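Before any comments, here is the structure.
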Amino acid sequence: YIEIAGSDTISTINTLINDNNYALSAEGNYIKEWEKAKLTVGTQYRGYWNSANYEFDDVKSRSREDVATIFGEYFYNIKNKLTFSAGVALTYSNARLSDRDKSSETLLVCPRLTAGYRINRASQLRMILTSNAINPTLTQLSPVLQDVDMLQAQIGNPELTPYSSYKVRLQYSYVAKRVSGQITIWGSRTPQAVMDYREWNNEIDKFVTSWGNQWGIASCGVSISPRVVVIPQWLTVSGSLMFHRDYSRGCNYKHSLNSMSGNAQIQLTHWGTTLT
C-alpha cells in the first residue's frame, strides 16, 4: 500500500503473508422411505488446517478446527393435504491456535421444521423454520496486528466462538388460471453474531478494527408478488412489493435500516414473439 501526496510518498505499507490452507470433509447418510414417510439420519465431519507466516512482522501462526455434526430429519405426508418434516443437527466445534496454546469448544443445536397445508386446489400455506451454525473466519481469529493504511489497522480476536442463526418464513400461495401470487412474511435472529467494531488506539495512532461475539442481528419483512393474465396468450402483468427492517447492535453502536422496494413487469406474447 503506497500513499502519495503530490510528489512525496507519505506512507508505504508492505504486507506479506505466506498462507497455506487444507480442508477435509466426509459425510455419511442413511435414508429410509415408506409410502408416506421418509427418515434421514447422518453424520458429517469437516476439518480445517492453516499455517500462516506473517513475514512483515516475523510471526508464525498455526490453527486447526474440527467440526462434527450429527443430524436427523423425519418427513410425513397426510393424504397429500398436509406435509411436515422435523429435524435437528448437533454441531460440535473445536478450534485451536497451536502457537498460542489456545483452544475453544462449542456445541450448537440447530432445529429445522417445515409444514405445508393445501387449503384447496388453488391455495397453499407453508411454514419453514431453519437454523444453522456459523464459524468465525481465520481473519477474524488471527491475533496478528496488520496495518491497512495510514489511519487503519486490524487485529483478530482468538476468543471468538461459533454461533447460530435462526429464520422463520410463512408463505401463502394462490394459483388460478388468470390470477396467481404469493404473500411471504419472515423474521430472523442471529444472537451472539461475530461483528466488527472500531476503536482509536493511542499507541499506534490508528483506528483498529476487531471482532467480537456481540448482541447480533435481527430482521423481519413482508412481500407480496401478484401475477395477472390480462389477456390470455397475449398480455401478462406481474410484480412484487417488499418491506423489510434490519437491526443490529454491537460494541458501542446500534444500527437500523428500513427499506421498501418493488418491481413491475409487463409481458406481451404472440406469434412466437415476446416483448417485455
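Quick note on naming: the chains in the C-alpha cells go A, B, ... in the order shown, residues restart at 1 in each chain, and ligands are numbered from 1 in order of appearance.
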
Legend entry - Who sits within 7 Å of A:Ala133, only C-alpha atoms, same chain under 5 positions skipped, as a PyMOL selection string: chain A and resi 108+162-165

Can those selected residues be exported to a file as a PDB file, in the first residue's frame so that it contains N, CA, C and O atoms?
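Output saved as result18.pdb:
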```
ATOM      1  N   LEU A 108     -23.534 -26.673  19.400  1.00  0.00           N
ATOM      2  CA  LEU A 108     -24.705 -25.921  18.953  1.00  0.00           C
ATOM      3  C   LEU A 108     -25.802 -26.889  18.526  1.00  0.00           C
ATOM      4  O   LEU A 108     -25.534 -27.902  17.881  1.00  0.00           O
ATOM      5  N   PRO A 162     -18.188 -19.977  17.734  1.00  0.00           N
ATOM      6  CA  PRO A 162     -19.250 -20.164  16.735  1.00  0.00           C
ATOM      7  C   PRO A 162     -20.608 -19.744  17.302  1.00  0.00           C
ATOM      8  O   PRO A 162     -20.805 -19.674  18.518  1.00  0.00           O
ATOM      9  N   TYR A 163     -21.555 -19.479  16.408  1.00  0.00           N
ATOM     10  CA  TYR A 163     -22.877 -19.027  16.828  1.00  0.00           C
ATOM     11  C   TYR A 163     -23.921 -19.570  15.857  1.00  0.00           C
ATOM     12  O   TYR A 163     -23.589 -20.114  14.805  1.00  0.00           O
ATOM     13  N   SER A 164     -25.192 -19.422  16.226  1.00  0.00           N
ATOM     14  CA  SER A 164     -26.292 -19.949  15.425  1.00  0.00           C
ATOM     15  C   SER A 164     -27.151 -18.816  14.882  1.00  0.00           C
ATOM     16  O   SER A 164     -27.267 -17.748  15.499  1.00  0.00           O
ATOM     17  N   SER A 165     -27.781 -19.081  13.748  1.00  0.00           N
ATOM     18  CA  SER A 165     -28.711 -18.143  13.132  1.00  0.00           C
ATOM     19  C   SER A 165     -30.049 -18.847  12.948  1.00  0.00           C
ATOM     20  O   SER A 165     -30.088 -20.018  12.526  1.00  0.00           O
TER      21      SER A 165
END
```

Near stretch 175-185 of chain A, 12 Å: stretch 47-123 of chain A residue rows, closest pairs, only C-alpha atoms, as a Markdown table:
```
| residue | atom | partner | partner_atom | distance |
| --- | --- | --- | --- | --- |
| A:Arg118 | CA | A:Val175 | CA | 11.6 |
| A:Ile119 | CA | A:Val175 | CA | 11.7 |
| A:Asn120 | CA | A:Val175 | CA | 10.2 |
| A:Arg121 | CA | A:Val175 | CA | 8.2 |
| A:Ala122 | CA | A:Val175 | CA | 4.9 |
| A:Ser123 | CA | A:Val175 | CA | 6.6 |
```

Inset, instruction - Determine the nearest neighbour of A:Lys102 from the options A:Val59, A:Leu160, A:Thr83, A:Thr209, counting only C-alpha atoms. - result: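 Ranking A:Val59, A:Leu160, A:Thr83, A:Thr209 by distance to A:Lys102, first place goes to A:Leu160.
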
Inset, instruction - Would you please give, as a PyMOL selection string, all residues of stretch 26-184 of chain A that DSSP assigns to alpha helix (DSSP H) based on the backbone? - result: chain A and resi 138-141

Inset, instruction - For stretch 21-32 of chain A, please output as a ChimeraX atom specification all residues within 7 Å (counting only C-alpha atoms; exclusion window: fewer than 4 positions along the same chain). - result: /A:38-51

Inset, instruction - Give me the residues within 10 Å of A:Asn157 as a ChimeraX atom specification, counting only C-alpha atoms and dropping any in the same chain fewer than 3 places off. - result: /A:136,138-144,160-161,210-213

Inset, instruction - Quick one: everything within 10 Å of A:Arg169, counting only C-alpha atoms, minus sequence neighbours fewer than 5 positions away in the same chain. Send it as a PyMOL selection string. - result: chain A and resi 114+126-130+184-188+220-222

Inset, instruction - Please provide as number ranges by chain all residues within 9 Å of A:Ser104, with the sequence filter that same-chain residues fewer than 3 positions apart are discarded (counting only C-alpha atoms). - result: A: 93-96, 159-161

Legend entry - Best match for closeness to A:Glu55 among A:Ile10, A:Val230, A:Val88, A:Leu16, counting only C-alpha atoms: A:Leu16

Legend entry - Those in stretch 24-258 of chain A with strand (DSSP E) from DSSP, as a count of residues only: 178

Legend entry - Which residue of A:Ser259, A:Ser248, A:Asn201, A:Gln267 approaches A:Thr236 most closely, using only C-alpha atoms: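 With only C-alpha atoms as the atom set, the closest residue is A:Gln267.
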
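Of the listed residues (A:Ser11, A:Asn252, A:Thr190, A:Ser98), A:Ser98 comes nearest to A:Ser63; the distances count only C-alpha atoms.
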
Inset, instruction - Would you work out the distance separating atom CA of A:Cys110 from atom CA of A:Pro191, expressed in Å to one decimal? - result: 13.2 Å
